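Reproduced below: coords.txt, with compact mmCIF, C-alpha atoms.
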# COMPACT_ATOMS: atom_id res chain seq x y z
CA MET G 1 2.70 -22.76 -14.72
CA SER G 2 1.89 -20.22 -17.41
CA VAL G 3 -0.53 -17.35 -17.11
CA LYS G 4 -3.34 -16.85 -19.60
CA LEU G 5 -5.79 -14.00 -19.66
CA SER G 6 -8.90 -13.60 -21.74
CA GLY G 7 -11.94 -11.45 -22.28
CA GLU G 8 -11.85 -7.83 -21.17
CA TRP G 9 -8.40 -8.23 -19.61
CA ALA G 10 -6.94 -9.13 -23.00
CA ASP G 11 -7.50 -5.53 -24.13
CA TYR G 12 -4.61 -4.52 -21.90
CA TRP G 13 -2.35 -7.35 -23.01
CA PRO G 14 -0.20 -6.40 -26.03
CA TYR G 15 1.31 -9.82 -26.70
CA ASP G 16 -0.07 -13.03 -28.13
CA GLY G 17 1.97 -15.40 -25.98
CA PHE G 18 3.17 -15.92 -22.45
CA ALA G 19 6.51 -16.55 -20.79
CA THR G 20 7.33 -20.14 -19.86
CA ASP G 21 9.14 -18.67 -16.87
CA THR G 22 6.25 -17.07 -14.98
CA ARG G 23 8.68 -15.05 -12.85
CA CYS G 24 9.22 -13.14 -16.11
CA ARG G 25 12.74 -11.99 -15.38
CA SER G 26 13.22 -11.08 -19.03
CA THR G 27 12.02 -7.66 -20.10
CA GLN G 28 11.59 -8.80 -23.71
CA PRO G 29 8.22 -9.56 -25.34
CA VAL G 30 7.52 -13.29 -25.47
CA ARG G 31 6.06 -13.23 -28.98
CA ALA G 32 5.15 -10.74 -31.61
CA ALA G 33 2.49 -8.14 -30.99
CA ARG G 34 -1.01 -9.61 -31.04
CA SER G 35 -2.16 -6.91 -33.42
CA SER G 36 -0.99 -3.51 -34.59
CA THR G 37 -4.04 -1.90 -32.97
CA VAL G 38 -3.25 -3.23 -29.52
CA PHE G 39 0.45 -2.53 -29.96
CA HIS G 40 -0.15 1.13 -30.83
CA ARG G 41 -2.62 1.47 -27.96
CA ALA G 42 0.10 0.24 -25.61
CA ALA G 43 2.56 2.65 -27.20
CA ARG G 44 0.21 5.58 -26.66
CA ARG G 45 -0.15 4.68 -22.98
CA TRP G 46 3.64 4.54 -22.67
CA HIS G 47 4.01 7.92 -24.37
CA MET G 48 1.55 9.36 -21.86
CA SER G 49 4.16 8.85 -19.16
CA ARG G 50 6.36 11.52 -20.72
CA ALA G 51 3.57 14.10 -20.61
CA ARG G 52 2.12 16.04 -17.68
CA LYS G 53 0.14 14.28 -14.99
CA PRO G 54 -3.29 13.26 -16.30
CA ASP G 55 -6.45 14.90 -15.03
CA TRP G 56 -7.49 11.93 -12.89
CA LEU G 57 -4.52 12.49 -10.55
CA LYS G 58 -6.00 15.18 -8.36
CA SER G 59 -6.12 15.63 -4.59
CA ARG G 60 -7.64 18.14 -2.22
CA PRO G 61 -5.36 20.60 -0.41
CA PRO G 62 -5.29 20.05 3.36
CA SER G 63 -7.96 22.02 5.22
CA GLY G 64 -10.77 21.81 7.77
CA ARG G 65 -11.18 21.40 11.50
CA GLU G 66 -10.42 17.69 11.49
CA PHE G 67 -7.15 18.31 9.64
CA ALA G 68 -6.09 21.07 12.02
CA GLY G 69 -7.08 19.02 15.07
CA ILE G 70 -5.10 15.96 14.04
CA ARG G 71 -2.04 18.05 13.22
CA GLU G 72 -2.20 19.80 16.59
CA THR G 73 -2.53 16.51 18.46
CA LEU G 74 0.43 15.00 16.62
CA ARG G 75 2.59 18.00 17.45
CA GLU G 76 1.53 17.89 21.09
CA TYR G 77 2.79 14.32 21.46
CA ASP G 78 5.78 14.74 19.10
CA LEU G 79 4.50 12.00 16.79
CA HIS G 80 5.14 11.36 13.10
CA THR G 81 2.83 10.17 10.35
CA VAL G 82 3.68 8.53 7.06
CA CYS G 83 1.08 10.90 5.61
CA GLU G 84 3.43 13.83 6.13
CA GLU G 85 6.83 12.18 5.87
CA ALA G 86 6.04 10.47 2.57
CA ASN G 87 4.11 13.45 1.17
CA CYS G 88 0.99 11.36 0.62
CA PRO G 89 -1.38 12.98 -1.90
CA ASN G 90 -4.38 11.91 0.19
CA LEU G 91 -3.29 13.71 3.36
CA GLY G 92 -5.89 16.44 3.14
CA GLU G 93 -8.69 14.01 2.34
CA CYS G 94 -7.88 11.52 5.12
CA TRP G 95 -7.22 14.08 7.83
CA SER G 96 -10.30 16.12 6.92
CA GLY G 97 -12.70 13.20 7.39
CA ARG G 98 -14.18 10.52 5.21
CA SER G 99 -16.10 12.89 2.99
CA GLY G 100 -13.42 15.54 2.96
CA PRO G 101 -13.86 19.22 3.76
CA ASP G 102 -17.02 21.04 2.77
CA ASP G 103 -17.24 24.55 1.38
CA THR G 104 -16.85 26.08 4.82
CA GLY G 105 -13.57 24.25 5.38
CA SER G 106 -14.87 21.92 8.05
CA GLY G 107 -15.17 18.16 7.78
CA THR G 108 -18.59 17.05 6.63
CA ASP G 109 -18.86 14.05 8.91
CA GLY G 110 -15.70 13.91 11.02
CA GLY G 111 -13.90 10.60 11.08
CA GLY G 112 -10.48 12.00 10.18
CA THR G 113 -7.70 9.43 10.32
CA ALA G 114 -3.93 9.27 10.17
CA THR G 115 -1.28 6.58 9.80
CA PHE G 116 1.16 6.81 12.68
CA MET G 117 4.82 6.24 11.80
CA LEU G 118 6.76 4.74 14.67
CA MET G 119 10.46 4.85 15.62
CA GLY G 120 11.29 8.28 14.27
CA ASP G 121 11.23 10.07 10.94
CA ARG G 122 14.50 8.72 9.51
CA CYS G 123 14.92 5.32 7.91
CA SER G 124 17.91 2.98 7.75
CA ARG G 125 17.10 2.13 4.13
CA ALA G 126 17.07 4.17 0.93
CA CYS G 127 14.25 3.06 -1.33
CA ASN G 128 14.25 5.09 -4.52
CA PHE G 129 10.50 5.71 -4.54
CA CYS G 130 10.16 6.91 -0.95
CA ASP G 131 10.42 10.45 0.40
CA VAL G 132 11.31 9.49 3.99
CA GLN G 133 14.82 10.65 4.84
CA THR G 134 17.64 8.12 5.21
CA GLY G 135 20.27 7.92 7.95
CA GLY G 136 20.78 9.83 11.17
CA MET G 137 18.38 7.65 13.17
CA GLU G 138 17.91 8.58 16.81
CA PRO G 139 17.32 6.32 19.84
CA LEU G 140 13.76 5.10 20.26
CA ASP G 141 11.43 7.15 22.42
CA PRO G 142 10.31 4.82 25.25
CA ASP G 143 7.20 6.96 25.75
CA GLU G 144 6.06 6.65 22.13
CA PRO G 145 3.65 3.71 22.67
CA GLU G 146 1.85 5.64 25.42
CA HIS G 147 1.84 8.86 23.37
CA VAL G 148 0.32 7.10 20.36
CA ALA G 149 -2.42 5.61 22.53
CA SER G 150 -3.16 9.03 24.02
CA ALA G 151 -3.27 10.70 20.62
CA ILE G 152 -5.71 8.07 19.37
CA ALA G 153 -8.03 8.88 22.25
CA GLU G 154 -7.89 12.63 21.52
CA ILE G 155 -8.46 12.20 17.79
CA GLY G 156 -11.28 9.74 18.44
CA LEU G 157 -10.24 6.89 16.17
CA ASP G 158 -11.89 3.49 16.18
CA TYR G 159 -9.57 2.13 13.47
CA VAL G 160 -5.87 2.97 13.59
CA VAL G 161 -3.04 2.24 11.17
CA LEU G 162 0.53 1.97 12.42
CA THR G 163 3.63 1.80 10.26
CA SER G 164 7.30 2.51 10.87
CA VAL G 165 10.61 3.34 9.32
CA ASP G 166 13.12 0.51 8.92
CA ARG G 167 15.54 0.30 11.83
CA ASP G 168 18.21 -2.15 10.75
CA ASP G 169 20.52 -0.38 13.22
CA LEU G 170 18.69 -1.82 16.24
CA PRO G 171 19.30 -5.33 17.67
CA ASP G 172 15.66 -6.36 17.13
CA GLN G 173 15.10 -3.87 14.28
CA GLY G 174 12.39 -2.22 16.38
CA ALA G 175 10.04 -5.23 16.47
CA GLY G 176 9.68 -5.11 20.26
CA HIS G 177 8.86 -1.39 20.23
CA PHE G 178 6.30 -1.91 17.47
CA ALA G 179 4.67 -4.78 19.38
CA GLU G 180 4.60 -2.75 22.60
CA THR G 181 2.74 0.05 20.82
CA ILE G 182 0.11 -2.40 19.57
CA ARG G 183 -0.40 -3.79 23.08
CA GLU G 184 -0.65 -0.33 24.64
CA ILE G 185 -3.34 0.69 22.16
CA LYS G 186 -5.30 -2.54 22.65
CA ALA G 187 -5.08 -2.24 26.44
CA ARG G 188 -6.37 1.34 26.52
CA HIS G 189 -8.89 1.00 23.68
CA PRO G 190 -10.27 -2.59 23.78
CA GLY G 191 -12.75 -2.07 20.95
CA ILE G 192 -10.33 -0.49 18.50
CA LEU G 193 -9.19 -2.20 15.30
CA VAL G 194 -5.43 -2.01 14.70
CA GLU G 195 -3.81 -2.41 11.28
CA VAL G 196 -0.03 -2.49 11.08
CA LEU G 197 2.23 -2.03 8.06
CA ILE G 198 5.50 -3.64 9.09
CA PRO G 199 9.07 -3.79 7.74
CA ASP G 200 10.48 -7.12 6.58
CA PHE G 201 12.75 -7.39 9.65
CA GLN G 202 15.30 -8.91 7.24
CA GLY G 203 13.11 -11.99 7.10
CA GLU G 204 13.84 -13.00 10.71
CA GLN G 205 10.85 -15.08 11.77
CA ARG G 206 11.34 -14.49 15.50
CA LEU G 207 10.93 -10.75 14.93
CA VAL G 208 7.86 -11.12 12.73
CA ARG G 209 6.44 -13.38 15.45
CA LYS G 210 6.68 -10.52 17.96
CA ILE G 211 4.20 -8.58 15.83
CA ILE G 212 1.93 -11.60 15.42
CA ASP G 213 1.93 -12.21 19.20
CA ALA G 214 0.80 -8.61 19.82
CA ASP G 215 -2.41 -9.59 17.98
CA PRO G 216 -3.25 -6.71 15.64
CA ASP G 217 -6.29 -7.14 13.41
CA VAL G 218 -4.45 -6.69 10.10
CA ILE G 219 -0.76 -7.20 9.32
CA ALA G 220 0.42 -5.61 6.09
CA HIS G 221 3.78 -5.77 4.41
CA ASN G 222 4.29 -4.33 0.95
CA VAL G 223 5.99 -6.09 -1.94
CA GLU G 224 5.84 -2.62 -3.60
CA THR G 225 6.57 -3.75 -7.18
CA VAL G 226 7.11 -6.74 -9.43
CA GLU G 227 10.06 -9.08 -8.90
CA ARG G 228 12.17 -7.74 -11.78
CA LEU G 229 12.06 -4.16 -10.46
CA GLN G 230 12.67 -4.78 -6.74
CA PHE G 231 15.93 -2.92 -7.26
CA PRO G 232 16.15 -0.06 -8.15
CA VAL G 233 12.67 0.58 -6.71
CA ARG G 234 13.49 -0.79 -3.24
CA ASP G 235 16.64 -0.78 -1.14
CA ARG G 236 18.94 -3.71 -1.89
CA ARG G 237 18.29 -5.17 1.56
CA ALA G 238 14.65 -5.70 0.62
CA GLY G 239 13.59 -8.50 -1.70
CA TYR G 240 10.62 -10.12 -3.39
CA GLU G 241 10.96 -13.57 -1.86
CA GLN G 242 11.81 -12.09 1.53
CA SER G 243 8.62 -10.03 1.53
CA LEU G 244 6.52 -12.98 0.42
CA SER G 245 8.01 -15.06 3.24
CA VAL G 246 6.92 -12.46 5.81
CA LEU G 247 3.36 -12.50 4.49
CA GLU G 248 3.29 -16.29 4.36
CA GLN G 249 4.50 -16.55 7.97
CA VAL G 250 1.68 -14.32 9.19
CA ASP G 251 -0.84 -16.41 7.29
CA ARG G 252 0.66 -19.68 8.53
CA GLU G 253 0.98 -18.76 12.20
CA SER G 254 -2.21 -16.76 12.80
CA ASP G 255 -5.75 -15.94 11.73
CA ILE G 256 -4.83 -12.28 11.29
CA TYR G 257 -5.78 -10.67 7.98
CA THR G 258 -2.80 -10.15 5.67
CA LYS G 259 -2.41 -7.27 3.25
CA THR G 260 0.06 -5.97 0.68
CA SER G 261 0.38 -3.17 -1.85
CA ILE G 262 1.72 -2.77 -5.38
CA MET G 263 2.71 0.49 -7.08
CA LEU G 264 2.17 0.82 -10.82
CA GLY G 265 4.10 3.13 -13.10
CA HIS G 266 7.69 1.89 -12.65
CA GLY G 267 7.86 0.24 -16.07
CA GLU G 268 6.36 -3.12 -15.10
CA TYR G 269 4.66 -5.28 -17.71
CA ASP G 270 1.08 -6.39 -17.24
CA HIS G 271 2.00 -10.06 -17.08
CA GLU G 272 4.43 -9.22 -14.26
CA VAL G 273 1.70 -7.48 -12.28
CA TYR G 274 -0.57 -10.49 -12.75
CA GLN G 275 2.20 -12.83 -11.60
CA THR G 276 2.87 -10.67 -8.54
CA LEU G 277 -0.80 -10.76 -7.61
CA ALA G 278 -0.86 -14.53 -8.11
CA ASP G 279 2.27 -14.96 -5.96
CA CYS G 280 0.82 -12.84 -3.16
CA ARG G 281 -2.42 -14.81 -3.16
CA GLU G 282 -0.50 -18.09 -3.18
CA HIS G 283 1.39 -16.90 -0.08
CA GLY G 284 -1.82 -16.23 1.83
CA VAL G 285 -2.45 -12.52 1.27
CA ASP G 286 -6.10 -11.58 1.85
CA ILE G 287 -6.21 -7.89 0.87
CA VAL G 288 -4.28 -6.06 -1.83
CA THR G 289 -4.11 -2.44 -2.94
CA LEU G 290 -2.84 -1.05 -6.24
CA GLY G 291 -2.04 2.61 -6.85
CA GLN G 292 -0.13 4.92 -9.14
CA TYR G 293 3.48 5.72 -8.28
CA LEU G 294 3.99 9.48 -8.05
CA ARG G 295 7.52 10.87 -8.05
CA PRO G 296 8.19 12.76 -4.78
CA SER G 297 11.07 14.82 -6.23
CA ARG G 298 13.62 14.95 -9.03
CA ASP G 299 15.93 12.84 -6.87
CA HIS G 300 13.56 9.88 -7.06
CA LEU G 301 12.73 7.41 -9.81
CA GLU G 302 10.89 8.82 -12.79
CA VAL G 303 7.32 7.76 -13.50
CA GLN G 304 7.38 5.47 -16.53
CA ARG G 305 3.65 5.32 -17.13
CA TYR G 306 0.32 6.70 -15.92
CA ASP G 307 -2.38 4.05 -16.08
CA PRO G 308 -6.00 5.22 -16.51
CA PRO G 309 -8.68 4.49 -13.87
CA ASP G 310 -10.40 1.84 -15.98
CA LYS G 311 -7.26 -0.26 -15.98
CA TYR G 312 -7.20 -0.20 -12.18
CA GLU G 313 -10.80 -1.36 -12.21
CA THR G 314 -9.77 -4.27 -14.40
CA TRP G 315 -7.03 -5.18 -11.94
CA ARG G 316 -9.58 -5.09 -9.13
CA ARG G 317 -11.80 -7.58 -10.91
CA VAL G 318 -8.83 -9.82 -11.72
CA ALA G 319 -7.70 -9.78 -8.08
CA GLU G 320 -11.11 -10.51 -6.57
CA ASP G 321 -12.95 -12.53 -9.19
CA GLU G 322 -10.11 -14.54 -10.70
CA LEU G 323 -7.44 -14.82 -8.02
CA GLY G 324 -9.69 -14.86 -4.96
CA PHE G 325 -8.48 -11.95 -2.83
CA LEU G 326 -11.03 -11.07 -0.18
CA TYR G 327 -10.74 -7.41 -1.12
CA CYS G 328 -8.83 -5.28 -3.61
CA ALA G 329 -8.70 -1.49 -3.52
CA SER G 330 -7.38 -0.34 -6.87
CA GLY G 331 -7.17 3.21 -8.23
CA PRO G 332 -4.61 5.83 -9.21
CA MET G 333 -4.76 7.56 -5.80
CA VAL G 334 -5.10 4.44 -3.65
CA ARG G 335 -2.26 3.92 -1.17
CA SER G 336 -1.41 1.03 1.12
CA SER G 337 -2.44 2.95 4.24
CA TYR G 338 -5.39 4.69 2.61
CA LYS G 339 -8.92 4.17 3.99
CA ALA G 340 -9.94 1.83 1.14
CA GLY G 341 -9.21 -1.37 3.02
CA GLU G 342 -10.18 0.05 6.40
CA LEU G 343 -13.89 0.14 5.59
CA PHE G 344 -13.85 -3.44 4.36
CA VAL G 345 -12.07 -4.79 7.44
CA ASP G 346 -14.31 -2.78 9.74
CA ALA G 347 -17.44 -4.19 8.10
CA VAL G 348 -16.17 -7.78 8.39
CA LEU G 349 -14.66 -7.72 11.88
CA ARG G 350 -16.83 -5.22 13.73
CA GLU G 351 -20.15 -5.62 11.96
CA GLY G 352 -19.82 -9.30 11.07
CA LYS G 353 -20.83 -8.77 7.45
CA SER G 354 -20.09 -11.20 4.66
CA VAL G 355 -17.20 -10.55 2.28
CA ALA G 356 -19.63 -9.57 -0.49
CA ALA G 357 -21.58 -7.19 1.76
CA ALA G 358 -18.37 -5.67 3.12
CA ARG G 359 -17.09 -5.07 -0.40
CA ARG G 360 -20.30 -3.26 -1.31
CA GLU G 361 -20.20 -1.13 1.82
CA ALA G 362 -16.57 -0.15 1.26
CA ARG G 363 -17.28 0.87 -2.31
CA THR G 364 -20.22 3.07 -1.41
CA ASP G 365 -17.79 5.26 0.56
CA PRO G 366 -17.34 8.59 -1.30
CA ASP G 367 -13.55 8.51 -0.97
CA GLU G 368 -12.96 5.17 -2.59
CA ALA G 369 -15.58 5.83 -5.23
CA SER G 370 -13.66 8.95 -6.19
CA VAL G 371 -10.47 7.01 -6.84
CA THR G 372 -11.74 3.77 -8.33
CA ASP G 373 -14.77 4.67 -10.43
Written form, structure tokens:
Amino acid sequence: MSVKLSGEWADYWPYDGFATDTRCRSTQPVRAARSSTVFHRAARRWHMSRARKPDWLKSRPPSGREFAGIRETLREYDLHTVCEEANCPNLGECWSGRSGPDDTGSGTDGGGTATFMLMGDRCSRACNFCDVQTGGMEPLDPDEPEHVASAIAEIGLDYVVLTSVDRDDLPDQGAGHFAETIREIKARHPGILVEVLIPDFQGEQRLVRKIIDADPDVIAHNVETVERLQFPVRDRRAGYEQSLSVLEQVDRESDIYTKTSIMLGHGEYDHEVYQTLADCREHGVDIVTLGQYLRPSRDHLEVQRYDPPDKYETWRRVAEDELGFLYCASGPMVRSSYKAGELFVDAVLREGKSVAAARREARTDPDEASVTD
């Protein structure tokens, strides 16, 4: 099928036509520019990528009692977080509580959260956007599931996010360890909501099924970028179809919410982003997040473009209103493990609210408003 956009969305679309191949493997424009005005507007946005970071890309420095308390607890149990290992720009905001630190340096309402990273701080893959170190993986810590559950109790979380490095070096790629951690948390904290961001497990269904059988509340797996840019953005062992198959399996074999994330700024075209969203929805994804790629260091891929906040708002409306995602968190500083989706899932599962009511509640949160408005 072909993809056609109209109305407000057309303002971001520089071409008059659409590819007959909706996978859009070609990087060439399908037809001539729709108009010189739109073409030059697109050119200005592209030129922006070569300049300094725009003003809307700001984050608070880490501070406050909640931040210090979470860091101390993590060190006590020798645990890792993706927040630290991937140099997440939202670390200070998330760890300091939902409203961030106040002028005194203490969290205004508590509720600090962290995304636990299982199976060590070194990954078997080398994705060119990611700041987690590659190689030198150590044996799994058999006490890690218990330590994570204990840390959750000390921090006082009622919604926890777990992720992990890739462990292609292990016979089951760490799926059993991941599942054991989920079960330990659920056993010790029956009322807690658990979201997991899992590897692709090389597409092995029996390993994905181990995660499904542990019964988390949300299973996320990130496609990361459009099909054309899977490499060099991701490690060669990852793949677009492989990631979609993982998400589809979760949707097919369970009632667990599915979630994925897309980074913008790698040089993708708008029609490719639309097609990626459409593919994810077709494969049963319920929740999607979109955020700006930020280069961790000079050794990583360059940022090709900085998209303004209003474009992310347009993507949100396209995802929810046109493609039918239950929820889309979209903003320059939104990340896959950021609190944006947490509030929505909490409102639906714990409070029993409708999708529309849960969306409204999530968007009244100060944090998400700051990154999507």
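Separating CA of Val355 in chain G from CA of Gly156 in chain G is a distance of 26.6 Å.
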I'd like the contact shell of Val273 in chain G - 12 Å cut-off, all atoms listed in the file, skipping same-chain residues fewer than 4 positions apart - returned as a PyMOL selection string.
chain G and resi 3+12-13+22-24+223-229+261-269+277-280+290+312+315-316+318-319
Write a file of the just-selected residues containing C-alpha atoms, as a PDB file, in the coordinates of the input.
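again16.pdb written:
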ATOM      1  CA  VAL G   3      -0.530 -17.350 -17.110  1.00  0.00           C
ATOM      2  CA  TYR G  12      -4.610  -4.520 -21.900  1.00  0.00           C
ATOM      3  CA  TRP G  13      -2.350  -7.350 -23.010  1.00  0.00           C
ATOM      4  CA  THR G  22       6.250 -17.070 -14.980  1.00  0.00           C
ATOM      5  CA  ARG G  23       8.680 -15.050 -12.850  1.00  0.00           C
ATOM      6  CA  CYS G  24       9.220 -13.140 -16.110  1.00  0.00           C
ATOM      7  CA  VAL G 223       5.990  -6.090  -1.940  1.00  0.00           C
ATOM      8  CA  GLU G 224       5.840  -2.620  -3.600  1.00  0.00           C
ATOM      9  CA  THR G 225       6.570  -3.750  -7.180  1.00  0.00           C
ATOM     10  CA  VAL G 226       7.110  -6.740  -9.430  1.00  0.00           C
ATOM     11  CA  GLU G 227      10.060  -9.080  -8.900  1.00  0.00           C
ATOM     12  CA  ARG G 228      12.170  -7.740 -11.780  1.00  0.00           C
ATOM     13  CA  LEU G 229      12.060  -4.160 -10.460  1.00  0.00           C
ATOM     14  CA  SER G 261       0.380  -3.170  -1.850  1.00  0.00           C
ATOM     15  CA  ILE G 262       1.720  -2.770  -5.380  1.00  0.00           C
ATOM     16  CA  MET G 263       2.710   0.490  -7.080  1.00  0.00           C
ATOM     17  CA  LEU G 264       2.170   0.820 -10.820  1.00  0.00           C
ATOM     18  CA  GLY G 265       4.100   3.130 -13.100  1.00  0.00           C
ATOM     19  CA  HIS G 266       7.690   1.890 -12.650  1.00  0.00           C
ATOM     20  CA  GLY G 267       7.860   0.240 -16.070  1.00  0.00           C
ATOM     21  CA  GLU G 268       6.360  -3.120 -15.100  1.00  0.00           C
ATOM     22  CA  TYR G 269       4.660  -5.280 -17.710  1.00  0.00           C
ATOM     23  CA  LEU G 277      -0.800 -10.760  -7.610  1.00  0.00           C
ATOM     24  CA  ALA G 278      -0.860 -14.530  -8.110  1.00  0.00           C
ATOM     25  CA  ASP G 279       2.270 -14.960  -5.960  1.00  0.00           C
ATOM     26  CA  CYS G 280       0.820 -12.840  -3.160  1.00  0.00           C
ATOM     27  CA  LEU G 290      -2.840  -1.050  -6.240  1.00  0.00           C
ATOM     28  CA  TYR G 312      -7.200  -0.200 -12.180  1.00  0.00           C
ATOM     29  CA  TRP G 315      -7.030  -5.180 -11.940  1.00  0.00           C
ATOM     30  CA  ARG G 316      -9.580  -5.090  -9.130  1.00  0.00           C
ATOM     31  CA  VAL G 318      -8.830  -9.820 -11.720  1.00  0.00           C
ATOM     32  CA  ALA G 319      -7.700  -9.780  -8.080  1.00  0.00           C
TER      33      ALA G 319
END
Identify the residues around (0.2, -2.3, 18.5) within a radius of 10 Å, measuring from all atoms listed in the file in the coordinates stated by the file, and give them as an MDAnalysis selection string.
chainID G and resid 145 148:149 160:163 177:187 193:196 211:212 214:217
Listed atoms of range 139-142 of chain G, axis-aligned box, 5 Å per side: centre and edge lengths to one decimal in Å, as lines of an AutoDock Vina configuration file?
center_x = 13.8
center_y = 6.0
center_z = 22.5
size_x = 17.0
size_y = 12.3
size_z = 15.4
So how far away is CA of Thr260 in chain G from CA of Gly352 in chain G, in Å?
22.7 Å
Counting only C-alpha atoms, which residues of range 104-172 of chain G sit at most 10 Å from some atom of range 301-308 of chain G, and what is each one's closest atom pair with its distance in Å to one decimal, listed by chain and rising residue number, as a Markdown table?
| residue | atom | partner | partner_atom | distance |
| --- | --- | --- | --- | --- |
| G:Cys127 | CA | G:Leu301 | CA | 9.7 |
| G:Asn128 | CA | G:Leu301 | CA | 6.0 |
| G:Phe129 | CA | G:Leu301 | CA | 6.0 |
| G:Cys130 | CA | G:Leu301 | CA | 9.2 |
Around the point (-4.6, 17.7, 20.2), in the coordinates given by the file, pick out the residues reaching within 10 Å, counting all atoms listed in the file, and return them as a PDB file with C-alpha atoms, in the frame of the given file.
ATOM      1  CA  ALA G  68      -6.090  21.070  12.020  1.00  0.00           C
ATOM      2  CA  GLY G  69      -7.080  19.020  15.070  1.00  0.00           C
ATOM      3  CA  ILE G  70      -5.100  15.960  14.040  1.00  0.00           C
ATOM      4  CA  ARG G  71      -2.040  18.050  13.220  1.00  0.00           C
ATOM      5  CA  GLU G  72      -2.200  19.800  16.590  1.00  0.00           C
ATOM      6  CA  THR G  73      -2.530  16.510  18.460  1.00  0.00           C
ATOM      7  CA  LEU G  74       0.430  15.000  16.620  1.00  0.00           C
ATOM      8  CA  ARG G  75       2.590  18.000  17.450  1.00  0.00           C
ATOM      9  CA  GLU G  76       1.530  17.890  21.090  1.00  0.00           C
ATOM     10  CA  TYR G  77       2.790  14.320  21.460  1.00  0.00           C
ATOM     11  CA  SER G 150      -3.160   9.030  24.020  1.00  0.00           C
ATOM     12  CA  ALA G 151      -3.270  10.700  20.620  1.00  0.00           C
ATOM     13  CA  ILE G 152      -5.710   8.070  19.370  1.00  0.00           C
ATOM     14  CA  ALA G 153      -8.030   8.880  22.250  1.00  0.00           C
ATOM     15  CA  GLU G 154      -7.890  12.630  21.520  1.00  0.00           C
ATOM     16  CA  ILE G 155      -8.460  12.200  17.790  1.00  0.00           C
TER      17      ILE G 155
END
Given all atoms listed in the file as the basis, pick out the residue of G:Gly284, G:Val132, G:Asp255, G:Arg167 nearest to Gly324 in chain G.
G:Gly284
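Proximity of G:Val334, G:Ala357, G:Ile192, G:Ile198 to Ser164 in chain G, computed with all atoms listed in the file, is greatest for G:Ile198.
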How many Å separate CA of Asn222 in chain G from CA of Ala238 in chain G?
10.5 Å
Using all atoms listed in the file, the residue out of G:Leu57, G:Ala126, G:Leu140, G:Ala347 with shortest distance to Val233 in chain G is G:Ala126
Need the shell around Phe344 in chain G: protein/DNA/RNA residues with any atom at most 9 Å away, counting all atoms listed in the file. Skip same-chain ones fewer than 4 positions apart. Format as a ChimeraX atom specification?
/G:327,340,348-349,355,357-363
Top pick for closest residue to Gln292 in chain G, considering G:Asp270, G:Glu322, G:Arg335, G:Asp200 and counting all atoms listed in the file:
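Closest to Gln292 in chain G, using all atoms listed in the file: G:Arg335.
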Ranking G:Tyr274, G:Asp286, G:Pro190, G:Leu343 by minimum distance to Thr314 in chain G and counting only C-alpha atoms, which one comes first?
G:Tyr274
